[in-house]
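Enquirer: Just passing along the structure, written as C-alpha cells.
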Amino acid sequence: MMDLNTLRQFVVVARLEHLSRAADELRVAQPSLSRTISRLESELGAPLFERAGRLRLNETGRLFRDYVERSLGELDAGRRAVAEAVSEGVGGVRLASETFLTLTGPLAAFKRAHPSIEVGLHWTPAEDMARRLRAQDVDLCVASQPIPVEGLESVRLFEDPVGVGTPRDHRLAGRASVSVDELAGEPFITARKGHWIRRLLDRLFAARGLTPRIVCESDEPSAIAQLISAGLGVGLVPGFARHSAAQTAGVWIPVDDPGCRRTVTLYWGADSHLSTAARLMRATITGWDWAAPAP
C-alpha cells in the first residue's frame with residue numbers, strides 16, 4: 001500500500017526525471033528508489049515513466065503527479081495551519097520569483113517590520129510556478145511573464161520598459177532609441193530558454209522573421225550585465241535594473257517596439273490557505289510604491 005514516503009519520492013523522481021539525481025537529493029540508494037517506483041507502478045496498474053533512453057514522465061505519470069502534489073500540498077498546508085494555531089504565531093512565508101533584484105526593496109521593508117518571521121526565497125522559472133502554487137510548495141510567486149492557468153489569483157504590480165544594454169563604446173551607445181532590425185546580427189548575451197527575458201528576445205526577433213545571434217547564455221543576471229559592460233555583447237535589460245545597486249558601466253537604450261516591456265505580477269493559489277505571514281508579505285508587495293526609484 002502506498003505511503004507518504006513513497007509519494008514524496010515519486011514527486012522528486014517526476015520532477016528530475018533522473019533516478020540517480022533523485023536518489024542523491026533524497027539521500028537513498030538508487031536501487032532502493034528504483035524498487036519503490038516499480039512497486040508504486042504495480043500498485044497503480046500502469047507505468048508512470050517512459051524508460052526508452054532517458055527516464056521521462058509519461059501522460060499517466062503527469063496525471064498522477066498533479067494529484068499527488070496537490071494532496072501533499074494540502075497535507076503540508078494543514079500542518080502549517082495547525083502549528084500556527086497552536087503557537088498563536090504568524091507562521092512563515094515562501095516566495096518564488098524569476099529574479100529577486102526587483103524585490104529587494106519590499107523584502108527589506110518586510111524584514112524590518114517583521115524580523116521574527118522566517119522568509120524562504122525560491123528561484124523558480126515561470127513555467128514551474130503554477131505547479132508549485134497548486135502543490136502549495138510556495139505561498140506567493142512574482143513573475144515577469146503571464147501564467148495563464150486556472151486556480152490562481154493575481155495582482156499586477158507594475159509594467160517595466162525593457163531596453164538594450166550595450167558597452168559605452170558601442171556604435172549604438174549614443175542613440176535615443178534603437179529598433180529590433182538594427183540589433184540583427186549583434187552578439188547577444190542573454191538568459192537560458194524559459195526565462196522571461198529570453199522569451200521576449202526570441203519573440204521580438206521572430207516577429208520580424210529574424211533569429212538573434214546568441215553568444216552566451218547565463219542564469220546569472222549580474223554576470224550578464226558585467227559581460228555586456230565588458231564589451232562581449234549586448235543584451236535586453238529591464239528598466240528597473242538601471243536604478244539598482246547592481247548597475248554597471250554599460251549604456252541602457254530604449255527599444256523602439258511597444259512590445260519590448262514586461263508586466264510584473266504577484267500570484268497565489270485561489271484555494272490555498274495563506275499563513276498570516278504570507279498575507280503580510282502579500283500586503284507589503286502589493287502596497288509597495290513601485291514607481292519610486294529603487295534604493
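Ordering of the C-alpha cells sets the chain letters (A, B, ...), residue numbers begin anew at 1 in every chain, and ligands are numbered from 1 in the order given.
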Quick check for you: according to DSSP on this backbone, which residues of region 30-277 of chain A are classed as strand (DSSP E or B)? Reply as a PyMOL selection string.
Expert: chain A and resi 49-50+56-57+93-97+119-123+140-143+152-166+178+187-190+213-217+234-238+251-255+261-269
Enquirer: Hey, could you make a per-residue contact list for region 76-184 of chain A against region 213-228 of chain A with 7 Å as the cut-off, showing the nearest pair of atoms and its distance in Å to one decimal, counting only C-alpha atoms, sorted by chain and number, as a tab-separated table?
Expert:
residue	atom	partner	partner_atom	distance
A:Gly165	CA	A:Ile228	CA	6.8
A:Thr166	CA	A:Ile228	CA	6.0
A:Pro167	CA	A:Ile228	CA	6.0
Enquirer: I'd like to know which residues of region 181-289 of chain A are helix (DSSP H, G or I) (by DSSP, run on the backbone); could you write them as a ChimeraX atom specification?
Expert: /A:181-183,196-206,221-229,239-243,276-286
Enquirer: For the residues in that selection, give me N, CA and C atoms as a compact mmCIF listing (two decimals), in the first residue's frame.
Expert:
# COMPACT_ATOMS: atom_id res chain seq x y z
N ASP A 181 15.37 45.72 -35.80
CA ASP A 181 16.10 45.45 -37.04
C ASP A 181 17.56 45.88 -36.92
N GLU A 182 17.81 46.98 -36.20
CA GLU A 182 19.18 47.46 -36.05
C GLU A 182 20.01 46.55 -35.13
N LEU A 183 19.33 45.70 -34.38
CA LEU A 183 20.03 44.80 -33.48
C LEU A 183 20.33 43.45 -34.12
N TRP A 196 12.05 34.80 -18.73
CA TRP A 196 11.21 35.79 -19.40
C TRP A 196 12.00 36.65 -20.39
N ILE A 197 13.24 36.99 -20.05
CA ILE A 197 13.99 37.90 -20.92
C ILE A 197 14.40 37.20 -22.22
N ARG A 198 14.63 35.88 -22.15
CA ARG A 198 14.94 35.11 -23.34
C ARG A 198 13.69 34.96 -24.21
N ARG A 199 12.56 34.72 -23.58
CA ARG A 199 11.31 34.60 -24.35
C ARG A 199 10.99 35.91 -25.06
N LEU A 200 11.22 37.03 -24.38
CA LEU A 200 10.98 38.32 -25.01
C LEU A 200 11.91 38.54 -26.19
N LEU A 201 13.18 38.22 -26.03
CA LEU A 201 14.15 38.38 -27.11
C LEU A 201 13.74 37.53 -28.32
N ASP A 202 13.42 36.28 -28.09
CA ASP A 202 13.03 35.40 -29.20
C ASP A 202 11.75 35.89 -29.87
N ARG A 203 10.80 36.40 -29.07
CA ARG A 203 9.53 36.87 -29.63
C ARG A 203 9.73 38.12 -30.49
N LEU A 204 10.54 39.05 -30.02
CA LEU A 204 10.79 40.28 -30.78
C LEU A 204 11.43 39.98 -32.13
N PHE A 205 12.39 39.07 -32.14
CA PHE A 205 13.08 38.75 -33.39
C PHE A 205 12.19 37.91 -34.31
N ALA A 206 11.45 36.95 -33.73
CA ALA A 206 10.60 36.09 -34.56
C ALA A 206 9.53 36.89 -35.27
N PRO A 221 21.87 37.08 -13.73
CA PRO A 221 21.64 38.42 -14.27
C PRO A 221 22.83 39.36 -14.07
N SER A 222 23.48 39.28 -12.91
CA SER A 222 24.63 40.16 -12.67
C SER A 222 25.77 39.84 -13.61
N ALA A 223 25.95 38.55 -13.93
CA ALA A 223 27.02 38.17 -14.86
C ALA A 223 26.70 38.68 -16.27
N ILE A 224 25.43 38.63 -16.66
CA ILE A 224 25.03 39.14 -17.97
C ILE A 224 25.37 40.62 -18.08
N ALA A 225 25.04 41.39 -17.04
CA ALA A 225 25.32 42.83 -17.05
C ALA A 225 26.82 43.09 -17.12
N GLN A 226 27.59 42.31 -16.38
CA GLN A 226 29.04 42.52 -16.37
C GLN A 226 29.66 42.17 -17.72
N LEU A 227 29.17 41.11 -18.35
CA LEU A 227 29.70 40.70 -19.66
C LEU A 227 29.36 41.74 -20.73
N ILE A 228 28.16 42.32 -20.63
CA ILE A 228 27.79 43.39 -21.57
C ILE A 228 28.73 44.58 -21.37
N SER A 229 28.93 44.99 -20.14
CA SER A 229 29.80 46.13 -19.86
C SER A 229 31.24 45.88 -20.30
N GLY A 239 14.17 48.05 -17.44
CA GLY A 239 14.40 49.41 -16.99
C GLY A 239 14.64 49.50 -15.50
N PHE A 240 14.00 48.62 -14.72
CA PHE A 240 14.13 48.63 -13.28
C PHE A 240 15.59 48.47 -12.85
N ALA A 241 16.36 47.70 -13.63
CA ALA A 241 17.74 47.41 -13.27
C ALA A 241 18.63 48.65 -13.35
N ARG A 242 18.19 49.67 -14.10
CA ARG A 242 19.01 50.89 -14.22
C ARG A 242 19.19 51.59 -12.88
N HIS A 243 18.24 51.40 -11.96
CA HIS A 243 18.25 52.13 -10.69
C HIS A 243 18.74 51.29 -9.53
N THR A 276 -0.63 33.83 8.16
CA THR A 276 -0.64 35.27 8.45
C THR A 276 0.60 35.92 7.85
N ALA A 277 1.75 35.22 7.94
CA ALA A 277 2.99 35.77 7.37
C ALA A 277 2.88 35.97 5.87
N ALA A 278 2.27 35.00 5.19
CA ALA A 278 2.12 35.12 3.74
C ALA A 278 1.19 36.27 3.38
N ARG A 279 0.13 36.45 4.16
CA ARG A 279 -0.79 37.56 3.90
C ARG A 279 -0.09 38.90 4.14
N LEU A 280 0.77 38.96 5.17
CA LEU A 280 1.51 40.18 5.43
C LEU A 280 2.49 40.48 4.29
N MET A 281 3.14 39.43 3.79
CA MET A 281 4.06 39.61 2.67
C MET A 281 3.31 40.08 1.43
N ARG A 282 2.14 39.48 1.18
CA ARG A 282 1.33 39.89 0.03
C ARG A 282 0.96 41.37 0.14
N ALA A 283 0.56 41.80 1.34
CA ALA A 283 0.20 43.20 1.54
C ALA A 283 1.40 44.12 1.34
N THR A 284 2.58 43.69 1.77
CA THR A 284 3.78 44.51 1.61
C THR A 284 4.12 44.68 0.13
N ILE A 285 4.05 43.59 -0.63
CA ILE A 285 4.43 43.64 -2.04
C ILE A 285 3.40 44.43 -2.84
N THR A 286 2.12 44.18 -2.60
CA THR A 286 1.10 44.89 -3.38
C THR A 286 1.00 46.36 -2.99
Enquirer: For Asp256 (chain A), work out the shell of residues within 10 Å, counting only C-alpha atoms and skipping chain neighbours fewer than 6 positions away, then give it as a PyMOL selection string.
Expert: chain A and resi 163+176-181
Enquirer: Could you write those residues out with N, CA and C atoms, as an mmCIF file, in the first residue's frame?
Expert:
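selection.cif, freshly written:
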data_model
loop_
_atom_site.group_PDB
_atom_site.id
_atom_site.type_symbol
_atom_site.label_atom_id
_atom_site.label_comp_id
_atom_site.auth_asym_id
_atom_site.auth_seq_id
_atom_site.Cartn_x
_atom_site.Cartn_y
_atom_site.Cartn_z
ATOM 1 N N GLY A 163 14.943 47.664 -22.295
ATOM 2 C CA GLY A 163 15.823 48.246 -23.306
ATOM 3 C C GLY A 163 16.957 47.311 -23.638
ATOM 4 N N ALA A 176 19.134 57.645 -28.976
ATOM 5 C CA ALA A 176 17.993 57.857 -28.081
ATOM 6 C C ALA A 176 17.100 56.625 -28.034
ATOM 7 N N SER A 177 17.103 55.838 -29.110
ATOM 8 C CA SER A 177 16.364 54.578 -29.165
ATOM 9 C C SER A 177 16.949 53.749 -30.291
ATOM 10 N N VAL A 178 16.578 52.472 -30.327
ATOM 11 C CA VAL A 178 17.093 51.575 -31.354
ATOM 12 C C VAL A 178 15.980 50.611 -31.755
ATOM 13 N N SER A 179 15.947 50.223 -33.020
ATOM 14 C CA SER A 179 14.927 49.282 -33.499
ATOM 15 C C SER A 179 15.461 47.858 -33.404
ATOM 16 N N VAL A 180 14.548 46.892 -33.427
ATOM 17 C CA VAL A 180 14.949 45.489 -33.402
ATOM 18 C C VAL A 180 15.759 45.156 -34.651
ATOM 19 N N ASP A 181 15.366 45.720 -35.798
ATOM 20 C CA ASP A 181 16.104 45.451 -37.040
ATOM 21 C C ASP A 181 17.564 45.879 -36.921
#
Enquirer: May I ask for the distance between CA of Ser32 (chain A) and CA of Gln136 (chain A), given in Å to one decimal place?
Expert: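 CA of Gln136 (chain A) lies at a distance of 27.7 Å from CA of Ser32 (chain A).
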Enquirer: Report, in Å with one decimal, the straight-line distance from CA of Lys111 (chain A) to CA of Asp289 (chain A).
Expert: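 Straight-line distance from CA of Lys111 (chain A) to CA of Asp289 (chain A) works out to 16.8 Å.
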Enquirer: Measure the distance from CA of Leu274 (chain A) to CA of Ala143 (chain A) in Å and round it to one decimal.
Expert: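 Between these atoms lies a distance of 18.7 Å.
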Enquirer: Need the shell around Leu101 (chain A): protein/DNA/RNA residues with any atom at most 8 Å away, counting only C-alpha atoms. Skip same-chain ones fewer than 2 positions apart. Format as JSON, numbers by chain?
Expert: {"A": [99, 103, 104, 241, 244]}
Enquirer: Suppose we keep N, CA and C atoms; can you now write the selection as a PDB file, in the first residue's frame?
Expert:
ATOM      1  N   THR A  99      13.501  36.514 -10.482  1.00  0.00           N
ATOM      2  CA  THR A  99      14.625  37.355 -10.080  1.00  0.00           C
ATOM      3  C   THR A  99      14.248  38.091  -8.808  1.00  0.00           C
ATOM      4  N   LEU A 103      12.751  42.699  -6.124  1.00  0.00           N
ATOM      5  CA  LEU A 103      12.033  42.614  -4.854  1.00  0.00           C
ATOM      6  C   LEU A 103      12.846  43.031  -3.642  1.00  0.00           C
ATOM      7  N   THR A 104      14.075  43.513  -3.843  1.00  0.00           N
ATOM      8  CA  THR A 104      14.914  43.823  -2.684  1.00  0.00           C
ATOM      9  C   THR A 104      14.293  44.897  -1.790  1.00  0.00           C
ATOM     10  N   ALA A 241      16.355  47.699 -13.632  1.00  0.00           N
ATOM     11  CA  ALA A 241      17.744  47.415 -13.270  1.00  0.00           C
ATOM     12  C   ALA A 241      18.625  48.652 -13.353  1.00  0.00           C
ATOM     13  N   SER A 244      19.204  50.060  -9.830  1.00  0.00           N
ATOM     14  CA  SER A 244      19.595  49.166  -8.748  1.00  0.00           C
ATOM     15  C   SER A 244      21.062  49.359  -8.386  1.00  0.00           C
TER      16      SER A 244
END
Enquirer: So that I can check the surroundings of Ser71 (chain A), please list as a PyMOL selection string every protein, DNA and RNA residue that reaches within 9 Å of it, counting only C-alpha atoms and ignoring chain neighbours fewer than 5 positions away.
Expert: chain A and resi 66+76+135
Enquirer: Counting only C-alpha atoms, figure out which residue out of A:Gln30, A:Thr211, A:Val234, A:Pro47 gets nearest to Val251 (chain A).
Expert: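 Answer, going by the shortest atom-to-atom distance: A:Val234.
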Enquirer: Check the smallest atom-to-atom distance from each of A:Ala126, A:Arg134, A:Ser34, A:Arg15 to Lys193 (chain A) using only C-alpha atoms, then report the winner.
Expert: A:Ala126
Enquirer: For Thr263 (chain A), please output as a ChimeraX atom specification all residues within 9 Å (counting only C-alpha atoms; exclusion window: fewer than 3 positions along the same chain).
Expert: /A:143-146,156-161
Enquirer: Can you write out the residues you just picked, keeping all heavy atoms, as a CSV table (one decimal), in the first residue's frame?
Expert:
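And here is the file that came out, out06.csv:
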chain,number,residue,atom,x,y,z
A,143,ALA,N,6.1,36.9,-11.1
A,143,ALA,CA,6.6,36.6,-12.4
A,143,ALA,C,6.6,37.8,-13.3
A,143,ALA,O,5.8,38.7,-13.2
A,143,ALA,CB,5.6,35.5,-13.0
A,144,SER,N,7.5,37.7,-14.3
A,144,SER,CA,7.7,38.8,-15.3
A,144,SER,C,7.1,38.4,-16.6
A,144,SER,O,7.3,39.1,-17.6
A,144,SER,CB,9.2,39.1,-15.5
A,144,SER,OG,9.7,39.6,-14.3
A,145,GLN,N,6.3,37.3,-16.6
A,145,GLN,CA,5.6,36.9,-17.8
A,145,GLN,C,4.3,36.3,-17.3
A,145,GLN,O,4.2,35.8,-16.2
A,145,GLN,CB,6.4,35.9,-18.6
A,145,GLN,CG,6.9,34.8,-17.9
A,145,GLN,CD,7.9,33.9,-18.7
A,145,GLN,OE1,7.6,33.5,-19.8
A,145,GLN,NE2,9.1,33.8,-18.2
A,146,PRO,N,3.2,36.2,-18.2
A,146,PRO,CA,1.9,35.7,-17.8
A,146,PRO,C,2.0,34.3,-17.4
A,146,PRO,O,2.7,33.5,-17.9
A,146,PRO,CB,1.0,36.0,-19.0
A,146,PRO,CG,1.8,37.0,-19.8
A,146,PRO,CD,3.2,36.8,-19.6
A,156,ARG,N,-1.4,42.7,-10.6
A,156,ARG,CA,-0.4,43.3,-11.4
A,156,ARG,C,0.4,44.4,-10.5
A,156,ARG,O,-0.3,45.3,-10.0
A,156,ARG,CB,-0.9,44.0,-12.6
A,156,ARG,CG,0.2,44.3,-13.6
A,156,ARG,CD,-0.4,45.0,-14.9
A,156,ARG,NE,-0.9,46.3,-14.6
A,156,ARG,CZ,-1.3,47.2,-15.5
A,156,ARG,NH1,-1.4,46.8,-16.8
A,156,ARG,NH2,-1.8,48.4,-15.2
A,157,LEU,N,1.7,44.2,-10.5
A,157,LEU,CA,2.5,45.1,-9.6
A,157,LEU,C,2.9,46.4,-10.4
A,157,LEU,O,2.7,47.5,-10.0
A,157,LEU,CB,3.7,44.4,-9.1
A,157,LEU,CG,3.4,43.2,-8.2
A,157,LEU,CD1,4.6,42.5,-7.8
A,157,LEU,CD2,2.5,43.6,-7.0
A,158,PHE,N,3.5,46.2,-11.6
A,158,PHE,CA,4.0,47.3,-12.4
A,158,PHE,C,4.4,46.8,-13.8
A,158,PHE,O,4.6,45.6,-14.0
A,158,PHE,CB,5.1,48.1,-11.8
A,158,PHE,CG,6.4,47.3,-11.7
A,158,PHE,CD1,7.4,47.3,-12.7
A,158,PHE,CD2,6.7,46.5,-10.6
A,158,PHE,CE1,8.6,46.6,-12.6
A,158,PHE,CE2,7.8,45.7,-10.5
A,158,PHE,CZ,8.8,45.8,-11.5
A,159,GLU,N,4.4,47.8,-14.7
A,159,GLU,CA,4.9,47.5,-16.1
A,159,GLU,C,6.3,48.1,-16.2
A,159,GLU,O,6.5,49.2,-15.7
A,159,GLU,CB,4.0,48.0,-17.2
A,159,GLU,CG,2.7,47.1,-17.3
A,159,GLU,CD,2.0,47.3,-18.6
A,159,GLU,OE1,2.5,48.2,-19.4
A,159,GLU,OE2,1.0,46.6,-18.9
A,160,ASP,N,7.2,47.5,-16.9
A,160,ASP,CA,8.6,47.9,-16.9
A,160,ASP,C,9.1,47.9,-18.4
A,160,ASP,O,9.0,46.9,-19.0
A,160,ASP,CB,9.4,47.0,-16.1
A,160,ASP,CG,10.8,47.5,-15.8
A,160,ASP,OD1,11.1,48.7,-15.9
A,160,ASP,OD2,11.7,46.6,-15.5
A,161,PRO,N,9.5,49.0,-18.9
A,161,PRO,CA,10.1,49.0,-20.2
A,161,PRO,C,11.4,48.2,-20.2
A,161,PRO,O,12.2,48.2,-19.2
A,161,PRO,CB,10.4,50.5,-20.6
A,161,PRO,CG,10.6,51.1,-19.2
A,161,PRO,CD,9.6,50.4,-18.3
Enquirer: Quick one: residues within 10 Å of Leu26 (chain A), only C-alpha atoms counted, chain neighbours fewer than 6 positions away excluded, as a ChimeraX atom specification?
Expert: /A:8-9,12-13,20,33
Enquirer: Write to file, as a PDB file, in the first residue's frame, the residues of the selection just made, with N, CA and C atoms.
Expert:
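Produced file result_21.pdb, reproduced below:
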ATOM      1  N   ARG A   8       6.234  11.031  -1.785  1.00  0.00           N
ATOM      2  CA  ARG A   8       7.221  12.107  -1.821  1.00  0.00           C
ATOM      3  C   ARG A   8       8.407  11.733  -2.705  1.00  0.00           C
ATOM      4  N   GLN A   9       8.820  10.482  -2.654  1.00  0.00           N
ATOM      5  CA  GLN A   9       9.920  10.038  -3.512  1.00  0.00           C
ATOM      6  C   GLN A   9       9.507  10.079  -4.983  1.00  0.00           C
ATOM      7  N   VAL A  12       9.761  13.624  -6.418  1.00  0.00           N
ATOM      8  CA  VAL A  12      11.130  14.045  -6.724  1.00  0.00           C
ATOM      9  C   VAL A  12      11.606  13.399  -8.033  1.00  0.00           C
ATOM     10  N   VAL A  13      11.344  12.116  -8.202  1.00  0.00           N
ATOM     11  CA  VAL A  13      11.737  11.448  -9.445  1.00  0.00           C
ATOM     12  C   VAL A  13      10.995  12.064 -10.628  1.00  0.00           C
ATOM     13  N   SER A  20      19.312   8.640 -10.535  1.00  0.00           N
ATOM     14  CA  SER A  20      20.492   8.848  -9.695  1.00  0.00           C
ATOM     15  C   SER A  20      20.463  10.220  -9.032  1.00  0.00           C
ATOM     16  N   LEU A  33      15.376   3.178  -4.532  1.00  0.00           N
ATOM     17  CA  LEU A  33      14.433   4.124  -5.126  1.00  0.00           C
ATOM     18  C   LEU A  33      13.773   3.523  -6.363  1.00  0.00           C
TER      19      LEU A  33
END
Enquirer: Between A:Val93, A:Pro238, A:Pro125, A:Tyr267, which one has atoms that come closest to Phe110 (chain A), using only C-alpha atoms?
Expert: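 The shortest atom-to-atom distance to Phe110 (chain A) comes from A:Val93.
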Enquirer: Tell me which of A:Leu63, A:Ala22, A:Leu266, A:Val155 sits closest to Asp139 (chain A), counting only C-alpha atoms.
Expert: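 The shortest atom-to-atom distance to Asp139 (chain A) comes from A:Leu266.
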Enquirer: Considering only C-alpha atoms, state which residue in the set A:Leu121, A:Gly92, A:Arg261, A:Thr6 is at the smallest distance from Glu41 (chain A).
Expert: A:Thr6
